[in-house]
$ cat model_4.cif   # mmCIF, C-alpha atoms
data_entry
#
loop_
_atom_site.label_atom_id
_atom_site.label_comp_id
_atom_site.auth_asym_id
_atom_site.auth_seq_id
_atom_site.Cartn_x
_atom_site.Cartn_y
_atom_site.Cartn_z
CA MET A 1 160.21 118.41 66.41
CA LYS A 2 157.81 116.37 64.30
CA ARG A 3 159.20 115.28 60.97
CA ILE A 4 157.36 115.64 57.68
CA ASP A 5 157.94 113.99 54.32
CA ARG A 6 159.78 116.64 52.31
CA ILE A 7 157.76 116.12 49.14
CA GLU A 8 154.55 116.59 51.13
CA LEU A 9 155.91 119.86 52.56
CA LEU A 10 157.10 121.11 49.17
CA ASP A 11 153.75 120.19 47.57
CA GLN A 12 151.91 122.28 50.16
CA LEU A 13 154.24 125.26 49.74
CA GLU A 14 154.08 125.01 45.98
CA GLN A 15 150.28 124.97 45.99
CA ARG A 16 150.18 128.06 48.19
CA SER A 17 152.74 129.86 46.01
CA GLU A 18 150.74 128.91 42.92
CA ASN A 19 147.77 130.71 44.48
CA HIS A 20 149.95 133.72 45.28
CA ILE A 21 151.28 134.15 41.76
CA SER A 22 147.81 133.58 40.29
CA THR A 23 146.44 136.40 42.45
CA ALA A 24 149.18 138.75 41.29
CA LEU A 25 148.64 137.84 37.62
CA ARG A 26 144.86 138.04 37.81
CA SER A 27 144.37 141.04 40.09
CA PHE A 28 147.38 143.17 40.87
CA GLN A 29 148.96 143.50 37.43
CA ASN A 30 145.53 144.47 36.04
CA ALA A 31 144.70 147.02 38.73
CA THR A 32 144.88 150.75 38.07
CA PRO A 33 147.89 152.66 39.49
CA LEU A 34 145.46 154.50 41.75
CA ALA A 35 144.26 151.24 43.29
CA LEU A 36 147.83 149.98 43.68
CA LEU A 37 149.06 153.16 45.37
CA ARG A 38 146.14 154.04 47.63
CA GLN A 39 146.81 153.68 51.35
CA ALA A 40 144.57 151.23 53.19
CA ASP A 41 141.50 152.71 54.91
CA ASN A 42 143.17 152.17 58.30
CA GLY A 43 146.24 154.10 57.11
CA GLY A 44 148.18 150.90 56.43
CA TRP A 45 150.26 149.99 53.41
CA SER A 46 149.04 150.25 49.84
CA ILE A 47 149.05 147.16 47.61
CA ALA A 48 152.29 148.34 45.97
CA GLN A 49 153.89 148.81 49.40
CA CYS A 50 152.88 145.30 50.47
CA LEU A 51 154.47 143.89 47.30
CA TRP A 52 157.59 146.05 47.72
CA HIS A 53 157.95 144.74 51.27
CA LEU A 54 157.76 141.12 50.04
CA ASN A 55 160.20 141.88 47.22
CA SER A 56 162.72 143.25 49.73
CA TYR A 57 162.73 139.82 51.41
CA GLY A 58 162.96 138.04 48.06
CA ASP A 59 165.90 140.26 47.06
CA TYR A 60 167.73 138.91 50.06
CA TYR A 61 166.62 135.27 50.27
CA LEU A 62 166.13 134.09 46.69
CA PRO A 63 169.73 134.54 45.46
CA LEU A 64 171.02 132.77 48.60
CA ILE A 65 168.58 129.89 48.11
CA VAL A 66 169.41 129.53 44.41
CA GLU A 67 173.11 129.45 45.22
CA ALA A 68 172.69 126.95 48.07
CA LEU A 69 170.57 124.62 45.93
CA ASN A 70 173.11 124.71 43.12
CA ALA A 71 175.94 123.96 45.53
CA SER A 72 174.32 121.01 47.33
CA ALA A 73 174.35 117.36 46.30
CA ASP A 74 171.19 115.32 45.91
CA ALA A 75 169.87 113.60 49.03
CA PRO A 76 168.23 110.16 49.39
CA ALA A 77 164.48 110.34 48.71
CA ALA A 78 163.68 109.06 52.20
CA THR A 79 165.24 112.06 53.97
CA SER A 80 162.33 113.72 55.77
CA PHE A 81 162.32 117.28 57.07
CA GLY A 82 162.24 118.34 60.70
CA SER A 83 161.69 121.94 61.77
CA THR A 84 163.90 123.34 64.49
CA ARG A 85 162.16 124.96 67.43
CA LEU A 86 163.24 128.42 66.30
CA GLY A 87 162.45 127.81 62.62
CA ASP A 88 158.98 126.60 63.54
CA TYR A 89 158.45 129.65 65.74
CA PHE A 90 159.40 132.11 62.96
CA ALA A 91 157.31 130.34 60.32
CA ASN A 92 154.23 130.18 62.55
CA MET A 93 154.60 133.80 63.58
CA MET A 94 154.22 134.77 59.90
CA GLU A 95 151.13 132.63 59.23
CA PRO A 96 148.14 134.94 58.77
CA GLY A 97 145.14 134.52 61.05
CA PRO A 98 142.43 136.47 62.85
CA ASP A 99 144.16 136.57 66.24
CA LYS A 100 147.54 137.61 64.86
CA LYS A 101 149.20 140.73 66.16
CA LYS A 102 150.57 143.45 63.92
CA ILE A 103 154.33 143.13 63.48
CA LYS A 104 156.38 146.23 62.89
CA ALA A 105 158.55 145.88 59.80
CA PHE A 106 162.32 146.23 60.11
CA LYS A 107 163.68 149.42 58.65
CA LYS A 108 165.38 147.88 55.65
CA HIS A 109 162.13 146.11 54.75
CA SER A 110 159.88 149.15 55.27
CA PRO A 111 158.47 150.59 52.05
CA GLY A 112 158.55 154.29 51.26
CA SER A 113 156.71 155.89 48.40
CA ILE A 114 156.58 153.76 45.25
CA PRO A 115 157.46 155.54 41.97
CA ASP A 116 156.27 152.78 39.59
CA PRO A 117 153.64 150.35 40.96
CA TYR A 118 153.65 148.23 37.79
CA GLU A 119 157.38 147.65 38.09
CA VAL A 120 156.96 146.48 41.69
CA THR A 121 154.13 144.15 40.65
CA ALA A 122 156.15 142.72 37.74
CA GLU A 123 159.11 142.13 40.07
CA PHE A 124 156.86 140.33 42.57
CA ILE A 125 155.61 138.03 39.79
CA ARG A 126 159.20 137.36 38.67
CA GLN A 127 160.23 136.49 42.22
CA GLN A 128 157.31 134.09 42.61
CA GLU A 129 158.48 132.30 39.47
CA VAL A 130 161.97 132.00 40.97
CA LEU A 131 160.53 130.76 44.28
CA LEU A 132 158.47 128.09 42.49
CA ALA A 133 161.57 126.96 40.58
CA CYS A 134 163.47 126.70 43.90
CA LEU A 135 160.67 124.68 45.54
CA ASN A 136 160.82 122.36 42.55
CA LYS A 137 164.59 122.03 42.61
CA ALA A 138 164.53 121.34 46.36
CA ARG A 139 162.59 118.11 45.80
CA THR A 140 165.84 116.17 45.46
CA LYS A 141 167.71 118.01 48.25
CA ASP A 142 168.08 117.64 52.01
CA LEU A 143 166.02 120.48 53.51
CA ASN A 144 167.69 120.00 56.92
CA ARG A 145 171.31 120.33 55.89
CA ILE A 146 171.04 123.41 53.69
CA LYS A 147 171.16 126.44 56.00
CA ILE A 148 170.33 130.04 55.15
CA PRO A 149 171.19 133.08 57.31
CA VAL A 150 168.17 135.09 58.48
CA SER A 151 167.80 138.53 56.87
CA ILE A 152 167.37 140.51 60.07
CA MET A 153 169.99 138.59 62.08
CA PRO A 154 172.52 137.02 59.72
CA LEU A 155 174.36 135.20 62.50
CA LEU A 156 171.29 133.01 62.89
CA LYS A 157 170.98 130.32 60.24
CA LEU A 158 167.78 128.38 59.61
CA ARG A 159 167.15 125.15 57.77
CA LEU A 160 166.02 125.61 54.17
CA GLY A 161 162.70 123.87 54.91
CA ASP A 162 161.92 126.44 57.62
CA VAL A 163 163.09 129.33 55.42
CA PHE A 164 160.67 128.17 52.70
CA ARG A 165 157.86 127.91 55.29
CA PHE A 166 158.67 131.40 56.55
CA ILE A 167 158.75 132.98 53.07
CA VAL A 168 155.48 131.40 51.91
CA ALA A 169 153.62 132.25 55.13
CA HIS A 170 154.96 135.80 55.01
CA ASN A 171 153.90 136.16 51.36
CA GLU A 172 150.42 134.96 52.23
CA ARG A 173 150.12 137.33 55.15
CA HIS A 174 150.84 140.42 53.06
CA LEU A 175 148.94 139.27 49.98
CA LEU A 176 145.81 138.93 52.11
CA GLN A 177 146.52 142.43 53.41
CA ALA A 178 146.94 143.69 49.83
CA GLU A 179 143.76 141.96 48.67
CA ARG A 180 141.76 143.69 51.41
CA ASN A 181 142.78 147.00 49.81
CA LEU A 182 141.51 145.80 46.48
CA THR A 183 138.14 144.93 47.98
CA PHE A 184 137.92 148.35 49.57
CA THR A 185 138.67 150.23 46.39
CA GLY A 186 137.19 147.74 43.90
CA GLU A 187 139.44 149.17 41.27
CA ILE A 188 140.67 146.30 39.21
CA ASN A 189 140.75 147.57 35.71
CA PRO A 190 137.05 147.05 34.91
CA ARG A 191 137.28 146.70 31.15
CA ILE A 192 139.58 143.68 31.27
CA HIS A 193 137.25 141.87 33.59
CA ALA A 194 134.16 142.78 31.61
CA THR A 195 135.65 141.53 28.34
CA ALA A 196 137.13 138.44 29.98
CA GLU A 197 133.69 137.59 31.38
CA LEU A 198 132.13 138.10 27.97
CA GLN A 199 134.56 135.69 26.39
CA LYS A 200 133.97 133.03 29.04
CA SER A 201 130.25 132.82 28.27
CA PRO A 202 129.72 130.89 25.01
CA MET B 203 136.10 121.84 7.67
CA GLN B 204 135.08 118.61 5.92
CA PRO B 205 133.64 115.87 8.15
CA TRP B 206 135.98 113.18 9.40
CA ASN B 207 135.94 109.74 7.88
CA GLU B 208 135.27 107.41 10.82
CA ASP B 209 138.31 105.19 10.22
CA ASP B 210 140.57 108.22 9.97
CA TRP B 211 139.19 109.57 13.23
CA GLU B 212 139.74 106.22 14.92
CA ALA B 213 143.36 106.07 13.73
CA PHE B 214 144.03 109.73 14.52
CA SER B 215 142.64 109.64 18.03
CA SER B 216 144.68 106.57 18.94
CA ILE B 217 148.11 108.24 18.66
CA TRP B 218 147.77 110.74 21.53
CA GLU B 219 148.97 110.45 25.11
CA PRO B 220 148.11 112.81 27.99
CA VAL B 221 150.89 114.80 29.63
CA SER B 222 150.92 117.58 32.22
CA ALA B 223 153.49 120.23 33.10
CA LYS B 224 154.00 122.78 35.84
CA ARG B 225 154.43 126.52 35.46
CA ASN B 226 157.56 127.64 33.54
CA GLU B 227 158.62 124.23 32.31
CA GLN B 228 160.60 124.23 29.09
CA LEU B 229 159.18 121.46 26.95
CA THR B 230 161.45 122.21 23.99
CA ARG B 231 164.80 124.04 23.93
CA PRO B 232 166.90 125.44 21.08
CA GLY B 233 169.03 122.77 19.43
CA GLU B 234 166.65 119.99 20.44
CA LYS B 235 164.42 118.06 18.11
CA GLU B 236 160.72 118.73 18.48
CA ARG B 237 159.52 115.18 18.96
CA TYR B 238 155.89 115.96 19.68
CA LEU B 239 152.90 117.74 18.32
CA TYR B 240 150.92 119.07 21.29
CA PHE B 241 147.25 119.77 21.66
CA VAL B 242 146.53 122.08 24.58
CA ALA B 243 143.75 121.06 26.96
CA GLU B 244 144.53 123.56 29.71
CA GLY B 245 146.84 126.47 30.50
CA VAL B 246 148.83 129.02 28.50
CA GLN B 247 152.21 128.44 26.85
CA ARG B 248 154.54 130.45 24.66
CA VAL B 249 157.05 129.89 21.88
CA TYR B 250 159.95 132.32 22.25
CA TYR B 251 163.36 133.15 20.87
CA SER B 252 166.30 134.22 23.01
CA ASP B 253 169.58 135.55 21.62
CA GLU B 254 173.09 135.41 23.05
CA ARG B 255 172.57 138.77 24.77
CA GLY B 256 169.47 137.49 26.50
CA ARG B 257 167.02 139.50 24.42
CA GLU B 258 163.73 137.65 24.10
CA ALA B 259 160.99 137.62 21.51
CA THR B 260 157.73 135.95 22.45
CA ILE B 261 156.40 134.77 19.10
CA VAL B 262 153.26 132.76 19.78
CA PHE B 263 150.96 132.01 22.70
CA THR B 264 149.09 128.72 22.73
CA TYR B 265 146.04 127.82 24.80
CA ALA B 266 143.09 125.45 24.65
CA PRO B 267 141.78 124.34 22.28
CA SER B 268 144.72 124.66 19.90
CA PHE B 269 147.84 122.85 18.75
CA GLY B 270 151.15 123.65 20.39
CA GLY B 271 154.88 123.00 20.12
CA VAL B 272 157.51 124.37 17.77
CA LEU B 273 155.70 123.62 14.56
CA ASP B 274 158.49 124.14 12.00
CA ALA B 275 160.98 122.04 13.94
CA PHE B 276 158.32 119.36 14.34
CA LEU B 277 157.38 119.18 10.68
CA LEU B 278 160.92 119.45 9.31
CA GLN B 279 162.43 117.38 12.14
CA GLN B 280 165.23 119.92 12.43
CA PRO B 281 166.72 121.29 15.66
CA SER B 282 164.42 123.89 17.17
CA ARG B 283 165.49 127.53 17.20
CA TYR B 284 162.93 128.33 19.88
CA PHE B 285 161.83 127.49 23.37
CA TYR B 286 158.38 126.07 24.04
CA GLU B 287 157.53 126.96 27.63
CA THR B 288 154.48 126.67 29.87
CA LEU B 289 153.39 129.96 31.46
CA THR B 290 150.79 128.37 33.74
CA PRO B 291 150.29 124.78 34.95
CA SER B 292 149.24 122.96 31.77
CA GLU B 293 147.55 119.83 30.45
CA PHE B 294 148.17 118.49 26.96
CA ILE B 295 147.75 115.51 24.77
CA ARG B 296 150.67 114.91 22.46
CA ALA B 297 151.62 112.69 19.54
CA LEU B 298 155.03 111.54 18.34
CA HIS B 299 156.26 112.81 14.99
CA ILE B 300 156.61 109.29 13.66
CA SER B 301 152.94 108.54 14.40
CA VAL B 302 151.68 111.71 12.74
CA GLN B 303 153.99 111.10 9.78
CA ARG B 304 152.77 107.53 9.35
CA LEU B 305 149.09 108.55 9.42
CA MET B 306 149.72 111.30 6.89
CA THR B 307 151.36 108.84 4.50
CA GLU B 308 148.73 106.16 4.92
CA ARG B 309 145.63 108.35 4.98
CA PRO B 310 145.07 111.16 2.46
CA GLY B 311 142.15 112.47 4.56
CA ILE B 312 144.45 113.07 7.48
CA GLN B 313 147.12 114.61 5.29
CA THR B 314 144.57 117.12 3.99
CA LEU B 315 143.49 118.02 7.51
CA VAL B 316 147.06 118.53 8.69
CA LEU B 317 147.80 120.72 5.67
CA LYS B 318 144.73 122.81 6.42
CA GLY B 319 145.88 123.18 10.01
CA ILE B 320 149.31 124.39 8.88
CA ALA B 321 147.75 126.77 6.35
CA ALA B 322 145.58 128.24 9.10
CA SER B 323 148.58 128.87 11.32
CA LEU B 324 150.44 130.42 8.36
CA SER B 325 147.48 132.78 7.90
CA GLY B 326 147.83 133.74 11.54
CA VAL B 327 151.54 134.49 11.14
CA LEU B 328 150.96 136.64 8.04
CA GLU B 329 148.22 138.61 9.77
CA ARG B 330 150.53 139.21 12.68
CA LEU B 331 153.26 140.51 10.36
CA VAL B 332 150.82 143.09 9.00
CA SER B 333 149.85 144.10 12.51
CA LEU B 334 153.47 144.41 13.66
CA GLN B 335 154.47 146.48 10.64
CA ILE B 336 151.67 149.02 10.35
CA ARG B 337 149.70 149.21 13.60
CA SER B 338 150.50 151.64 16.38
CA SER B 339 151.17 150.33 19.88
CA GLU B 340 147.73 151.38 20.97
CA GLU B 341 146.05 149.63 18.02
CA LYS B 342 147.98 146.42 18.71
CA PHE B 343 147.03 146.62 22.38
CA ARG B 344 143.35 147.04 21.46
CA GLU B 345 143.53 144.11 19.05
CA LEU B 346 144.93 141.89 21.78
CA LEU B 347 142.25 143.02 24.20
CA GLN B 348 139.53 142.18 21.71
CA ARG B 349 140.96 138.86 20.63
CA SER B 350 142.24 137.34 23.88
CA PRO B 351 141.37 139.47 26.93
CA HIS B 352 141.63 136.48 29.29
CA ILE B 353 145.37 136.25 28.67
CA LEU B 354 145.97 139.52 30.56
CA GLN B 355 144.90 137.78 33.76
CA LEU B 356 147.02 134.70 33.24
CA VAL B 357 150.51 135.62 32.08
CA PRO B 358 153.10 138.23 33.12
CA HIS B 359 152.49 141.39 31.11
CA LYS B 360 156.14 141.56 30.03
CA HIS B 361 155.51 138.60 27.71
CA LEU B 362 152.48 140.35 26.20
CA ALA B 363 154.59 143.47 25.68
CA SER B 364 157.23 141.39 23.90
CA TYR B 365 154.57 139.70 21.75
CA LEU B 366 153.32 143.10 20.63
CA GLY B 367 156.85 144.40 20.02
CA MET B 368 156.90 147.10 22.71
CA ASP B 369 158.68 147.54 26.01
CA PRO B 370 156.92 146.75 29.30
CA THR B 371 156.77 150.42 30.34
CA ASN B 372 154.86 151.29 27.21
CA PHE B 373 152.51 148.38 27.87
CA SER B 374 151.80 149.68 31.40
CA LYS B 375 151.01 153.11 29.99
CA LEU B 376 148.49 151.60 27.59
CA MET B 377 146.93 149.55 30.41
CA ASN B 378 146.26 152.85 32.06
CA LYS B 379 145.21 154.86 29.07
CA VAL B 380 143.05 152.64 26.91
CA ARG B 381 139.38 152.52 27.88
CA ILE B 382 136.77 150.57 26.07
#
$ encode --input "model_4.cif" --output "structure tokens"
Amino acid sequence: MKRIDRIELLDQLEQRSENHISTALRSFQNATPLALLRQADNGGWSIAQCLWHLNSYGDYYLPLIVEALNASADAPAATSFGSTRLGDYFANMMEPGPDKKKIKAFKKHSPGSIPDPYEVTAEFIRQQEVLLACLNKARTKDLNRIKIPVSIMPLLKLRLGDVFRFIVAHNERHLLQAERNLTFTGEINPRIHATAELQKSP
Amino acid sequence: MQPWNEDDWEAFSSIWEPVSAKRNEQLTRPGEKERYLYFVAEGVQRVYYSDERGREATIVFTYAPSFGGVLDAFLLQQPSRYFYETLTPSEFIRALHISVQRLMTERPGIQTLVLKGIAASLSGVLERLVSLQIRSSEEKFRELLQRSPHILQLVPHKHLASYLGMDPTNFSKLMNKVRI
């Protein structure tokens, strides 16, 4: 597979994750519980369910990544990253896009009803902070040699670079889904936006 | 504020260097000297205390255009008791303690301005003490909304809850309840 400079890859993933956490801070944590809990018009997941689903992946992957990064020695700066065929396949499958098929979630990652939507949102924000710290720490590491077992088939291990690509693409996929709900309901807490707008204008 | 003497301005503006930081970078940690006075050009940061049991108190938020850093540790050149941490990607200019100190000794105009700056931040701290001691959670929440509504869209609400001296659950309830 084609190799990519690891800093270039990490920069891209960091920029995307920056956008993800900004969306959560700006929109989701300021939305009303009603907006967070309402099912999508097509019967799909609510915003809180989308975030819960992403958190269930973070619960699994982030501690493993933190541990692996702590345990691995620094690598020479010139070590580039190369996706494996399988890693590339999984990461690309998660990338959002107009022609993408719906994927059925595995049982352990399927959200039920959400008792506290603010707690789920706060946990998502916390996990994005951890992910950004991992992306930063990975700058000095070899993204090929660190391997992480896949959540739905632990016997399969993927390279850390591909696991990062998978997580970020998957986050983006479901954040776009969640944002569509927000557009439908238009229920971001209106007073915060009104006052914030007021303060912006001199 | 009295107008700047041109020479003073020249000298003062020459001691700053630009610096940027990512999200959640700790610029100062407990036990470290605060070497710099920061001036925030972009982003939000916080000064916070953390005890041995991991309990946190967010004491101050800084954002443009204001000074930043752990002010007491900077002025006294004693080990900091607090963290200074970025909460969003941030841009600053900063000046070394020795440079600020030298200008204050050499130029009475600058010394006066620095003292006024410190007095203003002391006023802020005293006002906050009043608020923390006598205002209800809802009143404190309203005050924050009036004073800095933009911050609700930029930083995790748990830090705002800590700043107001309430737990995050209570903060969520107020988010829901308080209407302007």
$ atom_distance --input "model_4.cif" --atom1 "atom CA of Asp74 of chain A" --atom2 "atom CA of Lys147 of chain A"
15.0 Å
$ atom_distance --input "model_4.cif" --atom1 "atom CA of Tyr265 of chain B" --atom2 "atom CA of Arg225 of chain B"
13.6 Å
$ resolve_selection --input "model_4.cif" --expression "the PyMOL selection byres ((chain A and resi 22-36) around 8)" --output "PyMOL selection string"
(chain A and resi 18-21+37-38+46-48+117-118+121-122+124-125+181-182+185-189+192) or (chain B and resi 354-359+377-378)
$ atom_distance --input "model_4.cif" --atom1 "atom CA of Gly367 of chain B" --atom2 "atom CA of Glu254 of chain B"
18.8 Å
$ residues_around --input "model_4.cif" --residues "segment 327-340 of chain B" --least-positions-apart "4" --cutoff "12 Å" --atoms "all atoms listed in the file" --output "ChimeraX atom specification"
/B:261-263,320-323,344-347,362-381
$ closest_residue --input "model_4.cif" --among "A:Thr84, A:Arg3, A:Ala77, A:Asn136" --to "chain B" --atoms "all atoms listed in the file"
A:Asn136
$ resolve_selection --input "model_4.cif" --expression "the PyMOL selection byres ((chain A and resi 98-109) around 6)" --output "PDB file with C-alpha atoms, in the coordinates of the input"
ATOM      1  CA  HIS A  53     157.950 144.740  51.270  1.00  0.00           C
ATOM      2  CA  SER A  56     162.720 143.250  49.730  1.00  0.00           C
ATOM      3  CA  GLY A  97     145.140 134.520  61.050  1.00  0.00           C
ATOM      4  CA  SER A 110     159.880 149.150  55.270  1.00  0.00           C
TER       5      SER A 110
END
$ resolve_selection --input "model_4.cif" --expression "the PyMOL selection byres ((chain A and resi 141) around 6)" --output "PyMOL selection string"
chain A and resi 74-75+138-140+142
$ closest_residue --input "model_4.cif" --among "A:Arg85, A:Arg16, A:Arg145, A:Arg126" --to "chain B" --atoms "all atoms listed in the file"
A:Arg126
$ closest_residue --input "model_4.cif" --among "B:Lys342, B:Tyr284, B:Ile295, B:Thr230" --to "Ala259 of chain B" --atoms "all atoms listed in the file"
B:Tyr284
$ closest_residue --input "model_4.cif" --among "B:Asn226, B:Phe294, B:Gln313, B:Ser282" --to "chain A" --atoms "all atoms listed in the file"
B:Asn226
$ residues_around --input "model_4.cif" --residues "Ile217 of chain B" --least-positions-apart "6" --cutoff "12 Å" --atoms "only C-alpha atoms" --output "number ranges by chain"
B: 210-211, 238-241, 295-305
$ residues_around --input "model_4.cif" --residues "segment 158-172 of chain A" --least-positions-apart "3" --cutoff "9 Å" --atoms "only C-alpha atoms" --output "ChimeraX atom specification"
/A:6,9-10,13-14,16-17,20,51,54,57-58,61,65,81-84,86-88,90-96,131,135,142-150,175-177
$ decode --input "model_4.cif" --residues "segment 328-377 of chain B" --atoms "C-alpha atoms" --output "CSV table (one decimal), in the first residue's frame"
chain,number,residue,atom,x,y,z
B,328,LEU,CA,-13.1,40.2,45.1
B,329,GLU,CA,-16.3,40.5,43.1
B,330,ARG,CA,-16.2,36.8,42.4
B,331,LEU,CA,-15.9,36.1,46.1
B,332,VAL,CA,-19.1,38.0,46.7
B,333,SER,CA,-20.8,36.1,44.0
B,334,LEU,CA,-19.7,32.7,45.2
B,335,GLN,CA,-20.7,33.5,48.8
B,336,ILE,CA,-24.1,35.0,48.4
B,337,ARG,CA,-25.6,34.2,45.0
B,338,SER,CA,-27.7,31.2,44.3
B,339,SER,CA,-26.7,28.7,41.6
B,340,GLU,CA,-29.3,30.2,39.2
B,341,GLU,CA,-28.1,33.8,39.8
B,342,LYS,CA,-24.5,32.8,39.2
B,343,PHE,CA,-25.5,31.0,36.0
B,344,ARG,CA,-27.4,34.1,34.8
B,345,GLU,CA,-24.4,36.3,35.6
B,346,LEU,CA,-22.1,34.1,33.5
B,347,LEU,CA,-24.6,34.1,30.7
B,348,GLN,CA,-24.8,37.9,30.7
B,349,ARG,CA,-21.1,38.4,31.0
B,350,SER,CA,-19.5,35.8,28.8
B,351,PRO,CA,-22.2,33.8,26.8
B,352,HIS,CA,-19.7,32.9,24.1
B,353,ILE,CA,-17.8,30.7,26.5
B,354,LEU,CA,-20.7,28.2,26.7
B,355,GLN,CA,-20.0,27.3,23.1
B,356,LEU,CA,-16.2,26.9,23.5
B,357,VAL,CA,-15.4,25.0,26.6
B,358,PRO,CA,-16.7,21.8,28.2
B,359,HIS,CA,-19.5,22.7,30.6
B,360,LYS,CA,-17.9,20.8,33.5
B,361,HIS,CA,-15.3,23.6,33.7
B,362,LEU,CA,-18.0,26.2,33.8
B,363,ALA,CA,-19.8,24.3,36.6
B,364,SER,CA,-16.6,24.1,38.6
B,365,TYR,CA,-16.0,27.8,38.1
B,366,LEU,CA,-19.4,28.6,39.5
B,367,GLY,CA,-18.9,26.2,42.4
B,368,MET,CA,-21.6,23.7,41.4
B,369,ASP,CA,-21.7,20.1,40.1
B,370,PRO,CA,-22.1,19.4,36.4
B,371,THR,CA,-25.6,17.9,36.9
B,372,ASN,CA,-26.8,21.1,38.5
B,373,PHE,CA,-25.3,23.0,35.6
B,374,SER,CA,-27.2,20.9,33.1
B,375,LYS,CA,-30.5,21.5,35.0
B,376,LEU,CA,-29.9,25.2,34.8
B,377,MET,CA,-29.1,25.0,31.1
